[in-house]
Every structure is written in C-alpha cells, then in structure tokens.
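Here's start24.txt, which has compact mmCIF, N, CA and C atoms:
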```txt
# COMPACT_ATOMS: atom_id res chain seq x y z
N MET A 372 164.32 119.76 99.36
CA MET A 372 163.89 120.88 100.17
C MET A 372 164.88 121.06 101.31
N VAL A 373 164.97 122.25 101.79
CA VAL A 373 165.90 122.54 102.88
C VAL A 373 165.23 122.19 104.20
N GLN A 374 166.05 122.08 105.24
CA GLN A 374 165.57 121.61 106.55
C GLN A 374 164.43 122.47 107.09
N ILE A 375 164.47 123.76 106.83
CA ILE A 375 163.43 124.67 107.32
C ILE A 375 162.07 124.29 106.76
N ASP A 376 162.04 123.97 105.47
CA ASP A 376 160.78 123.64 104.79
C ASP A 376 160.34 122.21 105.06
N LYS A 377 161.25 121.34 105.46
CA LYS A 377 160.94 119.92 105.64
C LYS A 377 159.91 119.69 106.74
N ARG A 378 159.96 120.49 107.77
CA ARG A 378 159.02 120.32 108.88
C ARG A 378 157.57 120.55 108.43
N GLU A 379 157.39 121.45 107.48
CA GLU A 379 156.05 121.83 107.06
C GLU A 379 155.46 120.93 105.99
N SER A 380 156.28 120.14 105.32
CA SER A 380 155.77 119.41 104.15
C SER A 380 156.03 117.91 104.21
N THR A 381 155.72 117.31 105.32
CA THR A 381 155.88 115.86 105.44
C THR A 381 154.87 115.11 104.58
N ASP A 382 153.72 115.72 104.30
CA ASP A 382 152.72 115.07 103.44
C ASP A 382 153.27 114.90 102.02
N THR A 383 153.93 115.91 101.50
CA THR A 383 154.52 115.83 100.17
C THR A 383 155.61 114.78 100.13
N LEU A 384 156.40 114.70 101.18
CA LEU A 384 157.46 113.70 101.26
C LEU A 384 156.87 112.30 101.30
N GLN A 385 155.81 112.11 102.06
CA GLN A 385 155.14 110.81 102.13
C GLN A 385 154.56 110.42 100.77
N GLU A 386 153.97 111.38 100.09
CA GLU A 386 153.40 111.15 98.76
C GLU A 386 154.49 110.75 97.76
N ALA A 387 155.65 111.39 97.85
CA ALA A 387 156.77 111.06 96.96
C ALA A 387 157.29 109.65 97.22
N VAL A 388 157.36 109.26 98.48
CA VAL A 388 157.81 107.91 98.83
C VAL A 388 156.84 106.87 98.28
N GLN A 389 155.55 107.12 98.41
CA GLN A 389 154.55 106.20 97.86
C GLN A 389 154.68 106.10 96.34
N TYR A 390 154.93 107.21 95.68
CA TYR A 390 155.12 107.24 94.23
C TYR A 390 156.30 106.35 93.84
N LEU A 391 157.41 106.46 94.59
CA LEU A 391 158.60 105.68 94.27
C LEU A 391 158.38 104.20 94.55
N GLU A 392 157.66 103.88 95.61
CA GLU A 392 157.36 102.48 95.92
C GLU A 392 156.56 101.84 94.79
N GLN A 393 155.64 102.59 94.21
CA GLN A 393 154.83 102.07 93.10
C GLN A 393 155.67 101.84 91.86
N ARG A 394 156.81 102.49 91.76
CA ARG A 394 157.68 102.36 90.59
C ARG A 394 158.86 101.42 90.86
N ASP A 395 158.70 100.51 91.80
CA ASP A 395 159.65 99.43 92.11
C ASP A 395 161.00 99.90 92.63
N PHE A 396 161.05 101.01 93.34
CA PHE A 396 162.28 101.41 94.00
C PHE A 396 162.37 100.64 95.31
N LYS A 397 163.57 100.20 95.65
CA LYS A 397 163.82 99.41 96.86
C LYS A 397 164.77 100.17 97.77
N ASN A 398 164.92 99.68 99.00
CA ASN A 398 165.82 100.27 100.00
C ASN A 398 165.61 101.77 100.12
N ILE A 399 164.37 102.18 100.26
CA ILE A 399 164.04 103.60 100.33
C ILE A 399 164.40 104.14 101.71
N LYS A 400 165.12 105.25 101.70
CA LYS A 400 165.46 105.96 102.93
C LYS A 400 164.91 107.37 102.81
N ALA A 401 164.15 107.78 103.81
CA ALA A 401 163.56 109.12 103.82
C ALA A 401 163.45 109.58 105.26
N ASP A 402 163.41 110.86 105.45
CA ASP A 402 163.35 111.43 106.80
C ASP A 402 161.90 111.56 107.26
N ILE A 403 161.18 110.42 107.25
CA ILE A 403 159.82 110.37 107.76
C ILE A 403 159.67 109.10 108.59
N GLU A 404 158.62 109.05 109.34
CA GLU A 404 158.39 107.93 110.24
C GLU A 404 158.23 106.63 109.46
N GLY A 405 158.90 105.58 109.93
CA GLY A 405 158.80 104.27 109.30
C GLY A 405 159.93 103.98 108.32
N TYR A 406 160.80 104.94 108.06
CA TYR A 406 161.91 104.75 107.13
C TYR A 406 163.21 105.17 107.79
N ASP A 407 164.31 104.58 107.34
CA ASP A 407 165.62 105.00 107.81
C ASP A 407 165.93 106.39 107.28
N THR A 408 166.75 107.12 108.00
CA THR A 408 167.14 108.47 107.58
C THR A 408 168.33 108.37 106.63
N PRO A 409 168.31 109.09 105.52
CA PRO A 409 169.45 109.07 104.59
C PRO A 409 170.70 109.66 105.24
N LYS A 410 171.84 109.28 104.72
CA LYS A 410 173.12 109.77 105.22
C LYS A 410 173.24 111.27 104.97
N SER A 411 173.72 112.00 105.98
CA SER A 411 173.94 113.44 105.85
C SER A 411 175.40 113.70 105.51
N TYR A 412 175.62 114.76 104.78
CA TYR A 412 176.96 115.20 104.42
C TYR A 412 177.15 116.59 105.01
N SER A 413 178.28 116.79 105.73
CA SER A 413 178.50 118.10 106.34
C SER A 413 179.65 118.82 105.65
N LYS A 414 179.48 120.11 105.56
CA LYS A 414 180.48 120.97 104.94
C LYS A 414 181.60 121.21 105.95
N SER A 415 182.82 120.98 105.54
CA SER A 415 183.93 121.17 106.46
C SER A 415 184.10 122.66 106.76
N GLY A 416 184.35 122.95 108.01
CA GLY A 416 184.55 124.32 108.42
C GLY A 416 183.27 125.07 108.76
N SER A 417 182.12 124.41 108.67
CA SER A 417 180.88 125.06 109.06
C SER A 417 179.91 124.01 109.61
N ASP A 418 178.77 124.47 110.06
CA ASP A 418 177.81 123.55 110.66
C ASP A 418 176.67 123.18 109.69
N ILE A 419 176.85 123.42 108.40
CA ILE A 419 175.82 123.12 107.40
C ILE A 419 175.86 121.64 107.06
N LYS A 420 174.68 121.00 107.14
CA LYS A 420 174.55 119.60 106.78
C LYS A 420 173.60 119.49 105.60
N VAL A 421 173.97 118.65 104.64
CA VAL A 421 173.14 118.41 103.47
C VAL A 421 172.65 116.97 103.54
N THR A 422 171.35 116.81 103.52
CA THR A 422 170.73 115.49 103.56
C THR A 422 169.78 115.35 102.39
N PRO A 423 169.95 114.32 101.56
CA PRO A 423 168.98 114.12 100.49
C PRO A 423 167.60 113.84 101.09
N ASP A 424 166.54 114.28 100.40
CA ASP A 424 165.20 114.02 100.92
C ASP A 424 164.87 112.54 100.88
N ILE A 425 165.21 111.89 99.76
CA ILE A 425 164.93 110.46 99.60
C ILE A 425 166.11 109.83 98.87
N VAL A 426 166.50 108.64 99.33
CA VAL A 426 167.50 107.84 98.65
C VAL A 426 166.87 106.47 98.41
N ALA A 427 166.97 105.97 97.18
CA ALA A 427 166.38 104.68 96.85
C ALA A 427 167.22 103.99 95.79
N GLU A 428 166.97 102.71 95.60
CA GLU A 428 167.68 101.94 94.58
C GLU A 428 166.69 101.28 93.64
N ARG A 429 167.08 101.20 92.38
CA ARG A 429 166.32 100.45 91.39
C ARG A 429 167.31 99.91 90.37
N ALA A 430 167.20 98.62 90.11
CA ALA A 430 168.08 97.94 89.14
C ALA A 430 169.56 98.11 89.52
N GLY A 431 169.85 98.13 90.81
CA GLY A 431 171.24 98.23 91.27
C GLY A 431 171.84 99.62 91.19
N ILE A 432 171.05 100.62 90.80
CA ILE A 432 171.54 101.99 90.70
C ILE A 432 170.91 102.84 91.81
N LYS A 433 171.76 103.56 92.52
CA LYS A 433 171.28 104.42 93.60
C LYS A 433 170.74 105.72 93.01
N HIS A 434 169.61 106.16 93.53
CA HIS A 434 168.97 107.40 93.09
C HIS A 434 168.82 108.33 94.29
N TYR A 435 169.21 109.58 94.10
CA TYR A 435 168.99 110.63 95.10
C TYR A 435 167.83 111.49 94.60
N PHE A 436 166.88 111.76 95.49
CA PHE A 436 165.73 112.58 95.12
C PHE A 436 165.65 113.77 96.04
N ASP A 437 165.27 114.91 95.48
CA ASP A 437 165.03 116.10 96.28
C ASP A 437 163.66 116.64 95.92
N ILE A 438 162.90 117.03 96.93
CA ILE A 438 161.57 117.58 96.74
C ILE A 438 161.73 119.08 96.50
N SER A 439 161.14 119.57 95.42
CA SER A 439 161.24 121.00 95.11
C SER A 439 159.93 121.69 95.48
N LEU A 440 160.00 122.52 96.49
CA LEU A 440 158.88 123.35 96.92
C LEU A 440 159.38 124.78 97.03
N LYS A 441 158.48 125.73 96.86
CA LYS A 441 158.87 127.14 97.00
C LYS A 441 159.51 127.30 98.37
N SER A 442 160.64 128.00 98.39
CA SER A 442 161.42 128.08 99.61
C SER A 442 161.74 129.53 99.96
N ALA A 443 161.86 129.78 101.24
CA ALA A 443 162.27 131.09 101.72
C ALA A 443 163.78 131.26 101.56
N LYS A 444 164.50 130.16 101.38
CA LYS A 444 165.96 130.19 101.24
C LYS A 444 166.36 129.55 99.91
N PRO A 445 166.10 130.22 98.77
CA PRO A 445 166.42 129.61 97.48
C PRO A 445 167.92 129.39 97.25
N ASN A 446 168.76 130.25 97.80
CA ASN A 446 170.21 130.07 97.62
C ASN A 446 170.70 128.81 98.32
N LEU A 447 170.16 128.51 99.47
CA LEU A 447 170.52 127.29 100.19
C LEU A 447 170.07 126.06 99.40
N LEU A 448 168.90 126.15 98.79
CA LEU A 448 168.39 125.06 97.97
C LEU A 448 169.25 124.86 96.72
N LYS A 449 169.69 125.95 96.10
CA LYS A 449 170.57 125.85 94.93
C LYS A 449 171.88 125.17 95.30
N THR A 450 172.42 125.53 96.44
CA THR A 450 173.67 124.93 96.91
C THR A 450 173.48 123.43 97.12
N LYS A 451 172.37 123.07 97.71
CA LYS A 451 172.09 121.65 97.96
C LYS A 451 171.99 120.89 96.64
N TRP A 452 171.27 121.44 95.66
CA TRP A 452 171.10 120.77 94.37
C TRP A 452 172.43 120.62 93.65
N ARG A 453 173.24 121.65 93.69
CA ARG A 453 174.55 121.59 93.03
C ARG A 453 175.39 120.49 93.69
N PHE A 454 175.39 120.44 95.01
CA PHE A 454 176.15 119.42 95.72
C PHE A 454 175.63 118.02 95.39
N MET A 455 174.30 117.85 95.37
CA MET A 455 173.72 116.54 95.08
C MET A 455 174.04 116.10 93.65
N GLU A 456 174.07 117.03 92.73
CA GLU A 456 174.42 116.72 91.34
C GLU A 456 175.86 116.22 91.26
N VAL A 457 176.77 116.90 91.92
CA VAL A 457 178.19 116.50 91.91
C VAL A 457 178.36 115.16 92.62
N LEU A 458 177.71 114.98 93.75
CA LEU A 458 177.80 113.73 94.50
C LEU A 458 177.29 112.56 93.68
N SER A 459 176.18 112.74 93.01
CA SER A 459 175.61 111.64 92.22
C SER A 459 176.53 111.28 91.04
N ARG A 460 177.17 112.25 90.45
CA ARG A 460 178.12 111.95 89.37
C ARG A 460 179.33 111.18 89.89
N MET A 461 179.82 111.59 91.06
CA MET A 461 180.99 110.92 91.64
C MET A 461 180.68 109.46 91.98
N LYS A 462 179.49 109.19 92.45
CA LYS A 462 179.12 107.85 92.88
C LYS A 462 178.42 107.04 91.79
N LYS A 463 178.39 107.58 90.56
CA LYS A 463 177.71 106.93 89.44
C LYS A 463 176.26 106.60 89.81
N ALA A 464 175.61 107.59 90.37
CA ALA A 464 174.21 107.46 90.79
C ALA A 464 173.38 108.44 89.97
N ARG A 465 172.12 108.55 90.29
CA ARG A 465 171.21 109.46 89.60
C ARG A 465 170.67 110.47 90.61
N PHE A 466 170.49 111.70 90.14
CA PHE A 466 169.87 112.74 90.97
C PHE A 466 168.64 113.25 90.24
N LYS A 467 167.51 113.18 90.91
CA LYS A 467 166.25 113.60 90.31
C LYS A 467 165.52 114.54 91.25
N ILE A 468 164.71 115.42 90.65
CA ILE A 468 163.95 116.39 91.42
C ILE A 468 162.47 116.08 91.27
N ILE A 469 161.79 116.02 92.41
CA ILE A 469 160.35 115.76 92.45
C ILE A 469 159.66 117.05 92.84
N THR A 470 158.59 117.38 92.13
CA THR A 470 157.85 118.61 92.45
C THR A 470 156.35 118.35 92.34
N THR A 471 155.58 119.25 92.89
CA THR A 471 154.13 119.12 92.87
C THR A 471 153.52 120.33 92.18
N ARG A 472 152.25 120.23 91.93
CA ARG A 472 151.53 121.31 91.27
C ARG A 472 151.64 122.60 92.09
N GLY A 473 151.86 123.71 91.41
CA GLY A 473 152.02 124.99 92.08
C GLY A 473 153.47 125.37 92.30
N HIS A 474 154.38 124.41 92.04
CA HIS A 474 155.81 124.66 92.26
C HIS A 474 156.63 124.45 90.99
N TYR A 475 155.97 124.20 89.85
CA TYR A 475 156.67 123.93 88.60
C TYR A 475 157.52 125.10 88.14
N SER A 476 156.96 126.31 88.11
CA SER A 476 157.71 127.46 87.60
C SER A 476 158.88 127.81 88.53
N PHE A 477 158.68 127.69 89.84
CA PHE A 477 159.77 127.91 90.79
C PHE A 477 160.91 126.94 90.50
N THR A 478 160.57 125.68 90.31
CA THR A 478 161.58 124.65 90.05
C THR A 478 162.30 124.92 88.74
N ASN A 479 161.56 125.28 87.70
CA ASN A 479 162.18 125.58 86.41
C ASN A 479 163.15 126.76 86.51
N ARG A 480 162.77 127.81 87.23
CA ARG A 480 163.67 128.96 87.42
C ARG A 480 164.95 128.55 88.15
N MET A 481 164.79 127.72 89.17
CA MET A 481 165.96 127.27 89.93
C MET A 481 166.90 126.45 89.04
N LEU A 482 166.33 125.57 88.23
CA LEU A 482 167.14 124.74 87.34
C LEU A 482 167.84 125.59 86.29
N GLU A 483 167.16 126.60 85.77
CA GLU A 483 167.78 127.51 84.79
C GLU A 483 168.93 128.28 85.42
N ASP A 484 168.75 128.74 86.66
CA ASP A 484 169.81 129.48 87.35
C ASP A 484 171.05 128.62 87.54
N LEU A 485 170.85 127.33 87.75
CA LEU A 485 171.97 126.41 87.98
C LEU A 485 172.50 125.78 86.69
N ASN A 486 171.83 126.03 85.58
CA ASN A 486 172.18 125.40 84.30
C ASN A 486 172.14 123.88 84.39
N LEU A 487 171.16 123.35 85.08
CA LEU A 487 170.97 121.91 85.18
C LEU A 487 169.89 121.48 84.21
N GLU A 488 170.18 120.46 83.44
CA GLU A 488 169.19 119.89 82.52
C GLU A 488 168.55 118.69 83.20
N LYS A 489 167.44 118.90 83.86
CA LYS A 489 166.75 117.84 84.58
C LYS A 489 165.31 117.78 84.13
N ASN A 490 164.81 116.58 84.00
CA ASN A 490 163.38 116.38 83.81
C ASN A 490 162.77 116.17 85.19
N MET A 491 161.85 117.01 85.54
CA MET A 491 161.23 116.91 86.85
C MET A 491 160.26 115.75 86.88
N ILE A 492 160.13 115.14 88.06
CA ILE A 492 159.09 114.15 88.30
C ILE A 492 157.94 114.91 88.91
N LYS A 493 156.79 114.94 88.22
CA LYS A 493 155.65 115.71 88.69
C LYS A 493 154.65 114.75 89.33
N ILE A 494 154.38 114.97 90.61
CA ILE A 494 153.38 114.14 91.30
C ILE A 494 152.21 114.96 91.72
```
Would you encode the structure as structure tokens?
Amino acid sequence: MVQIDKRESTDTLQEAVQYLEQRDFKNIKADIEGYDTPKSYSKSGSDIKVTPDIVAERAGIKHYFDISLKSAKPNLLKTKWRFMEVLSRMKKARFKIITTRGHYSFTNRMLEDLNLEKNMIKI
C-alpha cells in the first residue's frame, strides 16, 4: 500500500504480521508499533520513497510483502509493485502480495495491468 493509505489501515497491517508470525517467518520488519521499520528506497532526482510494507525471513530467504488495498493512487501503487518485483529479483528474494476480502478484484486488475504472475495471500 502507498503511504497515503498506510495511515488508515494499520489494522490490516497488524493482521498480516500476525499471519506471517504463525507461518514461521522471522526477523519481521513492519511500519507498526513494536517492530523495526523496513529499509526505504528513494528515487534519485525526486522525493519519492518506496518502503515495503513488511520484510521477513524464512528458511534463509528474504521476503518482501505488500498489502493490496483499494487505493486513490493506483499508478503509484503499480510503480511500487514493479520496483519491488525488480528489487526482489536482484537480491534473490521473494515478493508477495497480501490482500483482504473486498480487495481481490482490485488486486487482480492491478496484477493484470503489470503483467505480474503472482498468487495472492488472502487473509
């Protein structure tokens, strides 16, 4: 999710972190109280910063997670997903998208627009 939407949906982020903890993910970093904040990446020449919603490790492999919620800025979200996909490939990591009920079709449309073949994690 983009920074604008993050303020409104901390409950969804907390729920996603609990889901990952139950699935044996370690070293979880998320932008919520009680966890370290994931590393931000800034675009050179502008003030745009991209921060993964959740970063965690399992079996020695780093996983980047992004929460997919309906957004007022879908183009910004597409840019973030494309960047996270490229970053995860470069670092030999995994990029996964987490979504909740009511946001499945929005997420599918976004993935189709980007030509990304991702299986969503539905919580």
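You can rank A:Arg472, A:Lys489, A:Lys400, A:Arg429 by their closest distance to Trp452 (chain A) using only C-alpha atoms, and at the top of that list sits A:Lys489.
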Mind giving me the axis-aligned box for region 467-484 of chain A with 3 Å on every side, centre plus edges in Å to one decimal, as JSON?
```
{"center_x": 161.3, "center_y": 121.3, "center_z": 88.8, "size_x": 25.5, "size_y": 22.3, "size_z": 14.1}
```
TODO: Would you please extract all alpha helix (DSSP H) residues from region 386-486 of chain A, as assigned by DSSP on the backbone, and give them as an NGL selection string?
DONE: :A and (386-393 or 445-461 or 475-485)
For region 440-451 of chain A, list every protein, DNA or RNA residue within 8 Å, evaluated using all atoms listed in the file, and leave out those in the same chain fewer than 2 positions away; present the list as a count of residues only. 25
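Of the listed residues A:Met491, A:Met461, A:Leu384, A:Leu391, the one whose atoms come nearest to Pro423 (chain A) is A:Leu384, with distances taken using only C-alpha atoms.
For the atom pair formed by atom N of Ile468 (chain A) and CA of Arg480 (chain A), the distance is 14.0 Å, given to one decimal.
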Spatial neighbours of Lys433 (chain A), 5 Å, all atoms listed in the file, chain gap at least 6 places, as a PyMOL selection string: chain A and resi 427+464-465
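With CA of Thr381 (chain A) on one side and atom C of Glu404 (chain A) on the other, the separation reads 10.3 Å.
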Report task. Would you return as a PyMOL selection string the members of region 375-464 of chain A that DSSP assigns to strand (DSSP E or B) on this structure's backbone? Result -> chain A and resi 397-401+407+412-413+420-421+425-429+432-439
Please produce a file of the residues just selected, as a PDB file, keeping the file's coordinate frame, where the atoms kept are N, CA and C atoms.
```pdb
ATOM      1  N   LYS A 397     163.570 100.200  95.650  1.00  0.00           N
ATOM      2  CA  LYS A 397     163.820  99.410  96.860  1.00  0.00           C
ATOM      3  C   LYS A 397     164.770 100.170  97.770  1.00  0.00           C
ATOM      4  N   ASN A 398     164.920  99.680  99.000  1.00  0.00           N
ATOM      5  CA  ASN A 398     165.820 100.270 100.000  1.00  0.00           C
ATOM      6  C   ASN A 398     165.610 101.770 100.120  1.00  0.00           C
ATOM      7  N   ILE A 399     164.370 102.180 100.260  1.00  0.00           N
ATOM      8  CA  ILE A 399     164.040 103.600 100.330  1.00  0.00           C
ATOM      9  C   ILE A 399     164.400 104.140 101.710  1.00  0.00           C
ATOM     10  N   LYS A 400     165.120 105.250 101.700  1.00  0.00           N
ATOM     11  CA  LYS A 400     165.460 105.960 102.930  1.00  0.00           C
ATOM     12  C   LYS A 400     164.910 107.370 102.810  1.00  0.00           C
ATOM     13  N   ALA A 401     164.150 107.780 103.810  1.00  0.00           N
ATOM     14  CA  ALA A 401     163.560 109.120 103.820  1.00  0.00           C
ATOM     15  C   ALA A 401     163.450 109.580 105.260  1.00  0.00           C
ATOM     16  N   ASP A 407     164.310 104.580 107.340  1.00  0.00           N
ATOM     17  CA  ASP A 407     165.620 105.000 107.810  1.00  0.00           C
ATOM     18  C   ASP A 407     165.930 106.390 107.280  1.00  0.00           C
ATOM     19  N   TYR A 412     175.620 114.760 104.780  1.00  0.00           N
ATOM     20  CA  TYR A 412     176.960 115.200 104.420  1.00  0.00           C
ATOM     21  C   TYR A 412     177.150 116.590 105.010  1.00  0.00           C
ATOM     22  N   SER A 413     178.280 116.790 105.730  1.00  0.00           N
ATOM     23  CA  SER A 413     178.500 118.100 106.340  1.00  0.00           C
ATOM     24  C   SER A 413     179.650 118.820 105.650  1.00  0.00           C
ATOM     25  N   LYS A 420     174.680 121.000 107.140  1.00  0.00           N
ATOM     26  CA  LYS A 420     174.550 119.600 106.780  1.00  0.00           C
ATOM     27  C   LYS A 420     173.600 119.490 105.600  1.00  0.00           C
ATOM     28  N   VAL A 421     173.970 118.650 104.640  1.00  0.00           N
ATOM     29  CA  VAL A 421     173.140 118.410 103.470  1.00  0.00           C
ATOM     30  C   VAL A 421     172.650 116.970 103.540  1.00  0.00           C
ATOM     31  N   ILE A 425     165.210 111.890  99.760  1.00  0.00           N
ATOM     32  CA  ILE A 425     164.930 110.460  99.600  1.00  0.00           C
ATOM     33  C   ILE A 425     166.110 109.830  98.870  1.00  0.00           C
ATOM     34  N   VAL A 426     166.500 108.640  99.330  1.00  0.00           N
ATOM     35  CA  VAL A 426     167.500 107.840  98.650  1.00  0.00           C
ATOM     36  C   VAL A 426     166.870 106.470  98.410  1.00  0.00           C
ATOM     37  N   ALA A 427     166.970 105.970  97.180  1.00  0.00           N
ATOM     38  CA  ALA A 427     166.380 104.680  96.850  1.00  0.00           C
ATOM     39  C   ALA A 427     167.220 103.990  95.790  1.00  0.00           C
ATOM     40  N   GLU A 428     166.970 102.710  95.600  1.00  0.00           N
ATOM     41  CA  GLU A 428     167.680 101.940  94.580  1.00  0.00           C
ATOM     42  C   GLU A 428     166.690 101.280  93.640  1.00  0.00           C
ATOM     43  N   ARG A 429     167.080 101.200  92.380  1.00  0.00           N
ATOM     44  CA  ARG A 429     166.320 100.450  91.390  1.00  0.00           C
ATOM     45  C   ARG A 429     167.310  99.910  90.370  1.00  0.00           C
ATOM     46  N   ILE A 432     171.050 100.620  90.800  1.00  0.00           N
ATOM     47  CA  ILE A 432     171.540 101.990  90.700  1.00  0.00           C
ATOM     48  C   ILE A 432     170.910 102.840  91.810  1.00  0.00           C
ATOM     49  N   LYS A 433     171.760 103.560  92.520  1.00  0.00           N
ATOM     50  CA  LYS A 433     171.280 104.420  93.600  1.00  0.00           C
ATOM     51  C   LYS A 433     170.740 105.720  93.010  1.00  0.00           C
ATOM     52  N   HIS A 434     169.610 106.160  93.530  1.00  0.00           N
ATOM     53  CA  HIS A 434     168.970 107.400  93.090  1.00  0.00           C
ATOM     54  C   HIS A 434     168.820 108.330  94.290  1.00  0.00           C
ATOM     55  N   TYR A 435     169.210 109.580  94.100  1.00  0.00           N
ATOM     56  CA  TYR A 435     168.990 110.630  95.100  1.00  0.00           C
ATOM     57  C   TYR A 435     167.830 111.490  94.600  1.00  0.00           C
ATOM     58  N   PHE A 436     166.880 111.760  95.490  1.00  0.00           N
ATOM     59  CA  PHE A 436     165.730 112.580  95.120  1.00  0.00           C
ATOM     60  C   PHE A 436     165.650 113.770  96.040  1.00  0.00           C
ATOM     61  N   ASP A 437     165.270 114.910  95.480  1.00  0.00           N
ATOM     62  CA  ASP A 437     165.030 116.100  96.280  1.00  0.00           C
ATOM     63  C   ASP A 437     163.660 116.640  95.920  1.00  0.00           C
ATOM     64  N   ILE A 438     162.900 117.030  96.930  1.00  0.00           N
ATOM     65  CA  ILE A 438     161.570 117.580  96.740  1.00  0.00           C
ATOM     66  C   ILE A 438     161.730 119.080  96.500  1.00  0.00           C
ATOM     67  N   SER A 439     161.140 119.570  95.420  1.00  0.00           N
ATOM     68  CA  SER A 439     161.240 121.000  95.110  1.00  0.00           C
ATOM     69  C   SER A 439     159.930 121.690  95.480  1.00  0.00           C
TER      70      SER A 439
END
```
A straight line from atom N of Ile494 (chain A) to CA of Ser439 (chain A) spans 10.2 Å
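Distances to Lys410 (chain A) were evaluated for A:Val426, A:Phe436, A:Asn398, A:Asp382 using all atoms listed in the file, and the minimum falls at A:Val426.
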If you count only N, CA and C atoms, the residue of A:Glu386, A:Asp424, A:Gln393, A:Ser476 closest to Thr408 (chain A) turns out to be A:Asp424
